[in-house]
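Dumped upload.tsv below, it's TSV, C-alpha atoms and all ligand atoms:
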chain	number	residue	atom	x	y	z
V	293	MET	CA	115.08	95.11	49.45
V	294	ARG	CA	113.06	96.44	52.37
V	295	LYS	CA	110.06	98.62	51.53
V	296	GLU	CA	110.20	101.03	54.44
V	297	PHE	CA	113.16	103.15	55.41
V	298	LEU	CA	114.95	101.90	58.52
V	299	PRO	CA	116.49	104.79	60.47
V	300	PHE	CA	119.73	104.14	62.37
V	301	CYS	CA	117.88	105.01	65.55
V	302	ARG	CA	114.32	105.42	66.79
V	303	PRO	CA	113.23	106.03	70.41
V	304	SER	CA	110.90	103.50	72.04
V	305	ILE	CA	107.77	105.46	72.89
V	306	THR	CA	104.68	103.59	74.08
V	307	GLU	CA	101.08	104.76	74.19
V	308	SER	CA	101.34	104.98	77.98
V	309	ASP	CA	104.47	107.20	77.65
V	310	ILE	CA	102.36	109.50	75.48
V	311	ALA	CA	99.51	109.38	78.00
V	312	ALA	CA	101.94	110.28	80.81
V	313	VAL	CA	103.06	113.39	78.89
V	314	GLY	CA	99.37	114.21	78.39
V	315	ASP	CA	98.80	113.89	82.14
V	316	VAL	CA	101.54	116.44	82.81
V	317	LEU	CA	100.04	118.81	80.24
V	318	ARG	CA	96.63	118.49	81.90
V	319	SER	CA	98.03	118.84	85.43
V	320	GLY	CA	98.53	122.59	85.25
V	321	TRP	CA	102.28	122.29	86.00
V	322	ILE	CA	104.39	121.71	82.90
V	323	THR	CA	107.71	123.37	83.70
V	324	THR	CA	110.28	122.15	86.29
V	325	GLY	CA	108.46	120.48	89.17
V	326	PRO	CA	107.69	117.06	90.65
V	327	LYS	CA	108.59	115.05	87.53
V	328	VAL	CA	112.06	116.60	87.36
V	329	GLN	CA	112.53	115.86	91.07
V	330	GLU	CA	111.41	112.27	90.49
V	331	LEU	CA	113.82	111.88	87.56
V	332	GLU	CA	116.71	113.30	89.57
V	333	ARG	CA	115.96	110.95	92.46
V	334	MET	CA	115.72	107.95	90.16
V	335	VAL	CA	119.04	108.71	88.44
V	336	ALA	CA	120.75	109.27	91.79
V	337	VAL	CA	119.47	105.90	93.05
V	338	ARG	CA	120.41	104.09	89.84
V	339	THR	CA	123.96	105.47	89.69
V	340	GLY	CA	124.63	105.66	93.42
V	341	ALA	CA	125.54	109.36	93.17
V	342	LYS	CA	124.59	111.76	95.98
V	343	GLU	CA	123.27	114.36	93.56
V	344	ALA	CA	121.58	114.25	90.16
V	345	ILE	CA	120.68	117.43	88.28
V	346	ALA	CA	118.49	117.52	85.19
V	347	ALA	CA	118.78	120.24	82.54
V	348	THR	CA	117.72	120.98	78.98
V	349	SER	CA	120.54	118.97	77.40
V	350	GLY	CA	123.84	117.26	77.99
V	351	THR	CA	125.47	120.23	76.29
V	352	ALA	CA	123.78	122.65	78.71
V	353	LEU	CA	125.10	120.61	81.64
V	354	MET	CA	128.59	120.66	80.13
V	355	HIS	CA	128.32	124.43	79.96
V	356	LEU	CA	127.03	124.68	83.54
V	357	ALA	CA	129.70	122.30	84.86
V	358	LEU	CA	132.57	124.11	83.10
V	359	THR	CA	131.23	127.41	84.47
V	360	ALA	CA	130.87	126.01	87.99
V	361	LEU	CA	134.41	124.58	87.82
V	362	GLY	CA	135.71	128.01	86.82
V	363	ILE	CA	137.21	126.88	83.50
V	364	GLY	CA	138.32	129.93	81.50
V	365	ARG	CA	141.03	131.76	79.60
V	366	GLY	CA	144.46	130.16	79.73
V	367	ASP	CA	143.09	126.80	80.90
V	368	GLU	CA	143.55	123.51	79.08
V	369	VAL	CA	140.93	120.76	78.99
V	370	ILE	CA	141.95	117.26	77.91
V	371	GLY	CA	139.60	115.02	75.93
V	372	PRO	CA	139.23	113.12	72.68
V	373	SER	CA	138.49	114.78	69.35
V	374	MET	CA	136.41	111.67	68.59
V	375	THR	CA	133.30	112.96	70.35
V	376	TRP	CA	130.23	115.01	69.66
V	377	VAL	CA	131.38	118.59	68.95
V	378	SER	CA	129.29	120.00	71.77
V	379	THR	CA	131.98	119.23	74.35
V	380	PRO	CA	134.97	120.80	72.54
V	381	ASN	CA	132.68	123.70	71.57
V	382	MET	CA	131.78	124.44	75.20
V	383	VAL	CA	135.48	124.38	76.13
V	384	GLU	CA	136.24	126.93	73.40
V	385	LEU	CA	133.27	129.10	74.37
V	386	MET	CA	134.62	129.27	77.93
V	387	GLY	CA	137.80	130.78	76.49
V	388	ALA	CA	139.79	127.65	77.35
V	389	ARG	CA	141.73	125.40	74.96
V	390	ASN	CA	141.02	121.81	73.98
V	391	VAL	CA	143.99	119.50	74.29
V	392	PHE	CA	142.96	116.55	72.18
V	393	VAL	CA	144.26	113.07	72.94
V	394	ASP	CA	144.21	110.24	70.44
V	395	VAL	CA	141.91	107.26	71.00
V	396	ASP	CA	142.67	103.57	70.80
V	397	ARG	CA	142.13	102.56	67.19
V	398	GLU	CA	139.99	99.52	68.00
V	399	THR	CA	137.85	100.79	70.91
V	400	GLN	CA	137.84	104.56	70.27
V	401	LEU	CA	138.47	105.09	74.00
V	402	VAL	CA	141.09	107.40	75.53
V	403	SER	CA	143.79	105.79	77.67
V	404	SER	CA	145.29	106.89	80.98
V	405	GLU	CA	148.73	106.95	79.31
V	406	ALA	CA	147.59	109.40	76.63
V	407	ILE	CA	145.99	111.60	79.29
V	408	ASP	CA	149.09	111.49	81.48
V	409	ALA	CA	151.27	112.57	78.54
V	410	ALA	CA	148.94	115.48	77.72
V	411	ILE	CA	148.79	117.02	81.21
V	412	THR	CA	150.62	120.35	81.58
V	413	PRO	CA	150.66	122.93	84.41
V	414	ARG	CA	147.68	124.60	82.66
V	415	THR	CA	145.48	121.45	82.65
V	416	ARG	CA	142.31	122.10	84.63
V	417	LEU	CA	140.07	119.20	83.65
V	418	VAL	CA	140.00	115.81	81.92
V	419	ILE	CA	136.85	114.77	80.01
V	420	PRO	CA	136.95	111.06	79.07
V	421	VAL	CA	134.17	109.84	76.75
V	422	HIS	CA	132.54	106.43	77.24
V	423	TYR	CA	132.31	105.99	73.51
V	424	ALA	CA	129.31	104.07	72.12
V	425	GLY	CA	128.44	102.89	75.65
V	426	ALA	CA	131.77	101.20	76.46
V	427	PRO	CA	133.46	102.51	79.62
V	428	CYS	CA	136.95	103.99	79.62
V	429	ASP	CA	139.47	102.41	82.01
V	430	LEU	CA	138.37	104.63	84.88
V	431	ASP	CA	140.60	103.15	87.59
V	432	ALA	CA	143.71	103.91	85.53
V	433	ILE	CA	142.45	107.37	84.51
V	434	ARG	CA	141.52	108.21	88.12
V	435	ALA	CA	144.95	107.12	89.32
V	436	VAL	CA	146.67	109.45	86.83
V	437	CYS	CA	144.32	112.36	87.54
V	438	ARG	CA	144.64	111.96	91.30
V	439	ARG	CA	148.45	111.86	91.06
V	440	ARG	CA	148.52	114.93	88.81
V	441	GLY	CA	145.80	116.79	90.75
V	442	VAL	CA	143.33	117.20	87.88
V	443	PRO	CA	139.56	116.60	88.24
V	444	ILE	CA	137.58	114.31	85.91
V	445	LEU	CA	134.26	115.10	84.25
V	446	GLU	CA	132.94	112.02	82.47
V	447	ASP	CA	131.12	112.48	79.19
V	448	ALA	CA	128.62	109.69	79.77
V	449	ALA	CA	126.22	110.81	77.02
V	450	HIS	CA	126.30	107.25	75.61
V	451	ALA	CA	126.64	105.47	78.91
V	452	ILE	CA	123.45	105.46	80.92
V	453	GLY	CA	123.35	101.86	82.15
V	454	THR	CA	127.03	101.20	81.39
V	455	GLN	CA	128.98	99.50	84.16
V	456	TYR	CA	132.71	99.52	84.80
V	457	LYS	CA	134.01	96.65	86.96
V	458	GLY	CA	130.50	96.12	88.30
V	459	ARG	CA	129.97	99.78	89.17
V	460	GLU	CA	127.39	101.93	87.44
V	461	ILE	CA	128.80	104.89	85.48
V	462	GLY	CA	127.99	108.17	87.22
V	463	GLY	CA	128.42	107.02	90.81
V	464	GLU	CA	131.98	108.18	91.38
V	465	ASP	CA	133.21	111.20	89.39
V	466	THR	CA	131.00	113.95	88.09
V	467	ALA	CA	129.33	112.58	84.95
V	468	ILE	CA	126.96	113.92	82.30
V	469	PHE	CA	124.27	111.79	80.64
V	470	SER	CA	122.31	112.92	77.60
V	471	LEU	CA	118.60	112.25	77.11
V	472	HIS	CA	118.55	113.32	73.46
V	473	PRO	CA	116.16	111.18	71.36
V	474	ILE	CA	118.94	109.06	69.86
V	475	LYS	CA	120.40	108.14	73.26
V	476	ASN	CA	119.51	104.95	75.16
V	477	ILE	CA	116.65	106.66	76.99
V	478	THR	CA	115.15	110.05	76.19
V	479	SER	CA	113.24	112.99	77.59
V	480	GLY	CA	112.77	114.49	74.12
V	481	GLU	CA	115.74	116.75	74.81
V	482	GLY	CA	117.54	116.78	78.12
V	483	GLY	CA	120.42	115.61	80.23
V	484	VAL	CA	121.31	114.65	83.80
V	485	LEU	CA	124.53	115.36	85.66
V	486	THR	CA	125.51	113.20	88.63
V	487	THR	CA	128.07	114.07	91.29
V	488	ASN	CA	129.07	113.42	94.87
V	489	ASP	CA	130.41	116.97	95.22
V	490	GLU	CA	127.61	118.79	97.00
V	491	ALA	CA	129.17	122.25	96.68
V	492	LEU	CA	129.53	121.75	92.92
V	493	ALA	CA	125.96	120.46	92.72
V	494	SER	CA	124.49	123.46	94.48
V	495	ARG	CA	126.44	125.87	92.24
V	496	ILE	CA	125.20	124.03	89.13
V	497	ARG	CA	121.60	124.11	90.40
V	498	ARG	CA	121.92	127.84	90.97
V	499	LEU	CA	123.48	128.50	87.54
V	500	ARG	CA	120.80	126.34	85.94
V	501	PHE	CA	118.06	128.75	87.01
V	502	HIS	CA	119.04	132.44	86.81
V	503	GLY	CA	121.57	132.18	89.66
V	504	LEU	CA	118.78	132.19	92.21
V	505	ALA	CA	119.44	130.79	95.66
V	506	VAL	CA	118.42	127.14	95.82
V	507	ASP	CA	118.13	125.47	99.17
V	508	ALA	CA	117.16	121.96	100.12
V	509	ASN	CA	113.63	123.14	100.80
V	510	ASP	CA	113.12	124.26	97.18
V	511	ARG	CA	113.85	120.78	95.99
V	512	LYS	CA	110.98	119.34	98.01
V	513	GLN	CA	108.46	121.80	96.64
V	514	GLN	CA	107.17	122.67	93.24
V	515	GLY	CA	109.35	125.41	91.75
V	516	ARG	CA	111.16	127.77	94.11
V	517	SER	CA	110.28	130.10	96.90
V	518	PRO	CA	109.18	133.46	95.53
V	519	GLN	CA	111.59	135.28	97.82
V	520	SER	CA	114.78	133.73	96.43
V	521	GLU	CA	117.31	136.25	95.17
V	522	VAL	CA	120.09	136.25	92.59
V	523	GLU	CA	123.36	135.13	94.12
V	524	GLU	CA	125.23	135.37	90.83
V	525	PRO	CA	124.03	135.86	87.23
V	526	GLY	CA	122.88	132.46	85.98
V	527	TYR	CA	121.45	130.81	82.89
V	528	LYS	CA	118.03	129.35	82.07
V	529	GLN	CA	118.56	125.66	81.41
V	530	ASN	CA	116.00	123.92	83.63
V	531	MET	CA	114.21	120.86	82.28
V	532	PRO	CA	110.40	121.06	81.97
V	533	ASP	CA	108.27	118.37	83.66
V	534	MET	CA	106.66	117.50	80.32
V	535	ASN	CA	110.11	116.31	79.23
V	536	ALA	CA	111.15	114.76	82.53
V	537	VAL	CA	108.09	112.52	82.67
V	538	LEU	CA	109.20	110.73	79.51
V	539	ALA	CA	112.57	109.82	81.03
V	540	VAL	CA	110.86	108.86	84.32
V	541	ARG	CA	108.86	106.37	82.26
V	542	GLN	CA	111.86	105.16	80.27
V	543	LEU	CA	114.46	104.66	82.98
V	544	PRO	CA	112.77	101.54	84.43
V	545	ARG	CA	112.92	100.00	80.93
V	546	LEU	CA	116.62	100.82	80.41
V	547	ASP	CA	117.86	97.33	81.26
V	548	SER	CA	115.45	95.68	78.85
V	549	PHE	CA	116.44	98.22	76.17
V	550	ILE	CA	120.10	97.37	76.69
V	551	ALA	CA	119.39	93.63	76.63
V	552	ARG	CA	117.71	94.00	73.22
V	553	ARG	CA	120.53	96.24	71.96
V	554	GLU	CA	122.99	93.54	73.09
V	555	GLN	CA	121.14	90.91	71.03
V	556	ILE	CA	121.18	93.14	67.96
V	557	ALA	CA	124.85	94.04	68.39
V	558	SER	CA	125.90	90.41	68.74
V	559	ALA	CA	123.81	89.37	65.72
V	560	TYR	CA	125.63	92.01	63.66
V	561	LYS	CA	128.98	90.93	65.01
V	562	LYS	CA	128.42	87.31	64.06
V	563	ARG	CA	126.95	88.02	60.65
V	564	LEU	CA	129.36	90.75	59.58
V	565	ALA	CA	132.44	88.75	60.64
V	566	GLU	CA	132.60	87.00	57.27
V	567	ILE	CA	132.57	90.28	55.29
V	568	GLU	CA	136.07	91.43	54.52
V	569	GLY	CA	136.89	95.05	55.28
V	570	ILE	CA	133.84	95.82	57.45
V	571	LEU	CA	135.57	96.06	60.79
V	572	PRO	CA	133.64	96.10	64.06
V	573	LEU	CA	134.98	97.95	67.08
V	574	ALA	CA	136.61	95.88	69.80
V	575	ASP	CA	135.14	95.75	73.30
V	576	PRO	CA	137.54	96.94	76.00
V	577	PRO	CA	139.37	94.19	77.94
V	578	TRP	CA	138.40	95.32	81.48
V	579	PRO	CA	135.20	93.93	83.05
V	580	HIS	CA	132.20	95.99	81.96
V	581	ARG	CA	128.60	96.08	80.87
V	582	HIS	CA	128.35	97.72	77.47
V	583	ALA	CA	125.25	99.88	76.95
V	584	ARG	CA	125.42	99.17	73.17
V	585	HIS	CA	124.40	102.72	72.43
V	586	LEU	CA	125.98	102.63	68.96
V	587	VAL	CA	126.94	99.76	66.67
V	588	VAL	CA	129.90	101.16	64.76
V	589	VAL	CA	131.86	99.54	61.93
V	590	ARG	CA	134.85	100.85	60.02
V	591	VAL	CA	134.60	100.62	56.23
V	592	ASP	CA	138.14	99.79	55.19
V	593	GLU	CA	138.26	100.51	51.48
V	594	ARG	CA	141.42	98.51	50.83
V	595	ALA	CA	139.90	95.30	52.13
V	596	SER	CA	136.23	95.84	51.31
V	597	GLY	CA	136.62	97.44	47.88
V	598	ILE	CA	134.25	100.25	48.83
V	599	ASP	CA	134.73	103.61	50.52
V	600	ARG	CA	132.47	104.91	53.27
V	601	LEU	CA	130.52	107.32	51.11
V	602	ALA	CA	129.67	104.63	48.56
V	603	PHE	CA	128.83	102.28	51.44
V	604	THR	CA	126.41	104.68	53.16
V	605	GLU	CA	124.90	105.79	49.83
V	606	GLY	CA	124.43	102.15	48.85
V	607	LEU	CA	122.65	101.46	52.12
V	608	LYS	CA	120.48	104.53	51.71
V	609	GLU	CA	119.43	103.34	48.23
V	610	ARG	CA	118.41	100.11	49.93
V	611	ASN	CA	116.33	101.96	52.56
V	612	ILE	CA	118.83	101.64	55.40
V	613	GLY	CA	119.84	104.71	57.40
V	614	THR	CA	123.31	105.13	58.88
V	615	GLY	CA	125.13	107.71	60.97
V	616	ILE	CA	128.68	108.92	61.52
V	617	HIS	CA	129.69	109.14	65.18
V	618	PHE	CA	131.74	111.17	64.81
V	619	LEU	CA	133.57	113.29	62.29
V	620	ALA	CA	136.48	114.10	64.59
V	621	ALA	CA	136.04	117.61	66.02
V	622	HIS	CA	139.52	118.79	64.98
V	623	THR	CA	138.79	117.92	61.32
V	624	GLN	CA	135.71	120.17	61.15
V	625	ARG	CA	135.92	123.58	59.53
V	626	TRP	CA	136.26	125.94	62.49
V	627	TYR	CA	138.78	123.69	64.22
V	628	ARG	CA	140.70	123.10	60.97
V	629	GLU	CA	140.97	126.86	60.47
V	630	GLN	CA	141.34	128.10	64.05
V	631	ARG	CA	143.18	125.17	65.65
V	632	PRO	CA	145.20	123.80	62.69
V	633	GLU	CA	147.92	122.44	64.95
V	634	TRP	CA	145.86	119.28	65.61
V	635	MET	CA	145.72	118.01	62.02
V	636	GLY	CA	147.89	114.93	61.60
V	637	ARG	CA	148.58	114.57	65.34
V	638	LEU	CA	145.77	112.15	66.13
V	639	PRO	CA	146.33	109.25	63.71
V	640	ASN	CA	143.88	106.72	65.17
V	641	THR	CA	141.16	109.35	65.48
V	642	GLU	CA	141.68	110.45	61.88
V	643	TRP	CA	141.83	106.88	60.56
V	644	ASN	CA	138.52	106.06	62.22
V	645	SER	CA	136.92	109.42	61.46
V	646	ALA	CA	137.29	108.71	57.74
V	647	ARG	CA	135.89	105.17	57.98
V	648	ILE	CA	133.34	104.82	60.79
V	649	CYS	CA	129.68	104.17	60.10
V	650	THR	CA	126.90	103.65	62.65
V	651	LEU	CA	124.47	100.86	61.74
V	652	PRO	CA	120.82	100.79	62.82
V	653	CYS	CA	120.43	99.58	66.41
V	654	PHE	CA	117.49	100.36	68.66
V	655	PRO	CA	115.32	98.24	70.94
V	656	ASP	CA	112.25	98.10	68.68
V	657	MET	CA	114.23	96.71	65.72
V	658	THR	CA	113.17	93.21	64.71
V	659	ASP	CA	115.41	90.29	63.75
V	660	ASP	CA	114.16	90.78	60.18
V	661	ASP	CA	115.34	94.39	60.31
V	662	VAL	CA	118.83	93.18	61.27
V	663	THR	CA	118.77	90.68	58.40
V	664	SER	CA	117.73	93.42	55.98
V	665	VAL	CA	120.74	95.53	57.04
V	666	VAL	CA	123.18	92.63	56.66
V	667	ASP	CA	121.71	91.75	53.23
V	668	ALA	CA	121.92	95.38	52.12
V	669	ILE	CA	125.58	95.54	53.21
V	670	LYS	CA	126.44	92.38	51.26
V	671	ASP	CA	124.55	93.59	48.21
V	672	THR	CA	126.13	97.07	48.31
V	673	ILE	CA	129.63	95.63	48.57
V	674	SER	CA	129.22	93.02	45.85
V	675	GLN	CA	127.76	95.61	43.51
V	676	ALA	CA	130.65	98.00	44.20
V	677	ARG	CA	133.18	95.26	43.53
V	678	THR	CA	131.65	94.29	40.19
V	679	ARG	CA	131.10	97.87	39.08
V	680	VAL	CA	134.71	98.99	39.24
V	681	PRO	CA	137.56	97.00	37.66
V	682	GLY	CA	139.97	95.59	40.21
V	683	GLY	CA	137.34	95.64	42.94
V	684	ARG	CA	138.21	99.17	44.00
V	685	ASN	CA	135.52	101.75	44.26
V	686	ALA	CA	136.51	104.97	42.61
V	687	ARG	CA	133.88	107.29	44.06
V	688	ALA	CA	135.44	110.37	45.55
V	689	GLY	CA	134.30	112.28	48.58
V	690	VAL	CA	136.16	110.93	51.55
V	691	THR	CA	139.85	111.44	51.90
V	692	ALA	CA	141.41	108.89	54.14
V	693	PRO	CA	144.54	109.96	55.97
G	1	LIG	C1	124.80	113.47	72.54
G	1	LIG	C2	126.16	113.77	73.03
G	1	LIG	C3	126.44	114.91	73.80
G	1	LIG	C4	125.47	116.04	74.01
G	1	LIG	O1	124.25	115.70	74.48
G	1	LIG	P1	122.96	116.62	74.18
G	1	LIG	O2	121.97	116.17	75.20
G	1	LIG	O3	122.54	116.33	72.78
G	1	LIG	O4	123.36	118.04	74.35
G	1	LIG	C5	127.71	115.06	74.34
G	1	LIG	N1	128.66	114.15	74.11
G	1	LIG	C6	128.45	113.06	73.35
G	1	LIG	C7	129.57	112.09	73.14
G	1	LIG	C8	127.21	112.85	72.76
G	1	LIG	O5	127.01	111.80	71.97

What does this structure look like when you write it as structure tokens?
Amino acid sequence: MRKEFLPFCRPSITESDIAAVGDVLRSGWITTGPKVQELERMVAVRTGAKEAIAATSGTALMHLALTALGIGRGDEVIGPSMTWVSTPNMVELMGARNVFVDVDRETQLVSSEAIDAAITPRTRLVIPVHYAGAPCDLDAIRAVCRRRGVPILEDAAHAIGTQYKGREIGGEDTAIFSLHPIKNITSGEGGVLTTNDEALASRIRRLRFHGLAVDANDRKQQGRSPQSEVEEPGYKQNMPDMNAVLAVRQLPRLDSFIARREQIASAYKKRLAEIEGILPLADPPWPHRHARHLVVVRVDERASGIDRLAFTEGLKERNIGTGIHFLAAHTQRWYREQRPEWMGRLPNTEWNSARICTLPCFPDMTDDDVTSVVDAIKDTISQARTRVPGGRNARAGVTAP
């Protein structure tokens, strides 16, 4: 058994990253300034988008984008329930309704067919999620949305560096990336929105900082001109330079991070293939580059002899951390109580929600770390099978639909 705890994720921070943050702190300018501008430029260049806007989090950008798009009471927003709750929460806080669509059971991605079937005259927006760093079938989704006249806002929180048919995510529709510490690159906390819609971009920039007028000139200078006035009441969600500098340092390393993640993910895939009932996700069939943000398996109790709770507890006892991405939003308390109509209507989402487990995967993991996870999985399962007669694990806690 390994001696030290292995978390399921750890950001790659070098001594020179730390020094760069120190330089910003010593510079006399620590809030939004040249480092944010540099980050925005770099993300725009990388994705091919005209505009990139940094803010305090992906969630903040979701809020700003929904506000700028005028989403409100009586509106419906289509997206998966298999996502981080921040997106459905922002939709509810705008006074709009989530219309959840089921995901594919093997990829956890939403399909154009499911979206098409969910569109009503009240639909104002579709939010596909590039789950775990695999892209949705954007050509098919765009075709449906164009035909039905509904805009797309991509939740690309997992997908910085993901490519769909050779094109970088974020270059076409409006997309939101997260720079939270567990994501593929980080600014501590933060997010970046990309878009080619310049009117939308300037409204989001304004809403990001008190609703003050922002012109092109402001973006070339530190801060804003002291004369700028409120054009509409706005929020306060600008990213500080001391955060931005970290992502400025990390973005050039993104491809090497993904290459290492790819090695780890394929080692898991090969070595877990022989274990019955530990089911990897499938990669989507369209051409893509997977960002390998999360390595997710489904713990199928019937085949493995162990339920997810016993599995994750067993790994924890063996010093291996795991995550759950995600407990489906509609199964969580507020949604269960306030939006009960969704229970039972999303069978693939519910099946996965009860079984998924995220295994450790981050660029600084060693091959020995991967081996220790695989050994711990084998050990946990064989112990569970011998402990309970018939090979079934009787521990309660997770109710599978
Ligand atoms: C992390 C995440 C978000 C939110 O990003 P934050 O920067 O943490 O606010 C949104 N959607 C998904 C799918 C995520 O994983």

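With all atoms listed in the file as the atoms that count, the residue of V:Glu568, V:Asp660, V:Glu481, V:Asp592 with the shortest distance to ligand LIG 1 (chain G) is V:Glu481.
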
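Contact shell of V:Glu330 at 12 Å (all atoms listed in the file; same-chain neighbours under 5 positions omitted): Thr324, Gly325, Val335, Ala336, Val337, Ala344, Ile345, Ala346, Arg511, Lys512, Gln513, Gln514, Asp533, Ala536, Val537, Leu538, Ala539, Val540, Arg541 and Leu543 of chain V.
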
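Nearest to V:Val377 of all the residues V:Ala341, V:Val418, V:Ala620, V:Leu401 is V:Ala620, counting only C-alpha atoms.
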
Fill in: Nearby residues, ligand LIG 1 (chain G), 7 Å, all atoms listed in the file, as a ChimeraX atom specification
/V:349-352,375-376,378-379,421,423,447,449-450,470-472,475,481-483

Worksheet entry | Close residues, V:Met657 itself excluded, 10 Å, all atoms listed in the file, min 2 positions apart in chain, as a PyMOL selection string | chain V and resi 298-302+304+552-553+556+652-655+659-662

Discussion item. Give me the residues near V:Thr415 as a PyMOL selection string, where near means some atom within 10 Å (using all atoms listed in the file) and where sequence neighbours in that chain fewer than 2 positions away do not count.
Written reply: chain V and resi 363+366-370+388-391+410-413+417-418+440-443

Practice prompt. Find the spatial neighbours of V:Arg647, counting only C-alpha atoms, within a cut-off of 12 Å - ignore same-chain residues fewer than 3 positions away - and output them as a ChimeraX atom specification.
Written response: /V:397,569-573,588-594,596,598-604,615-620,640-644,650,689-693
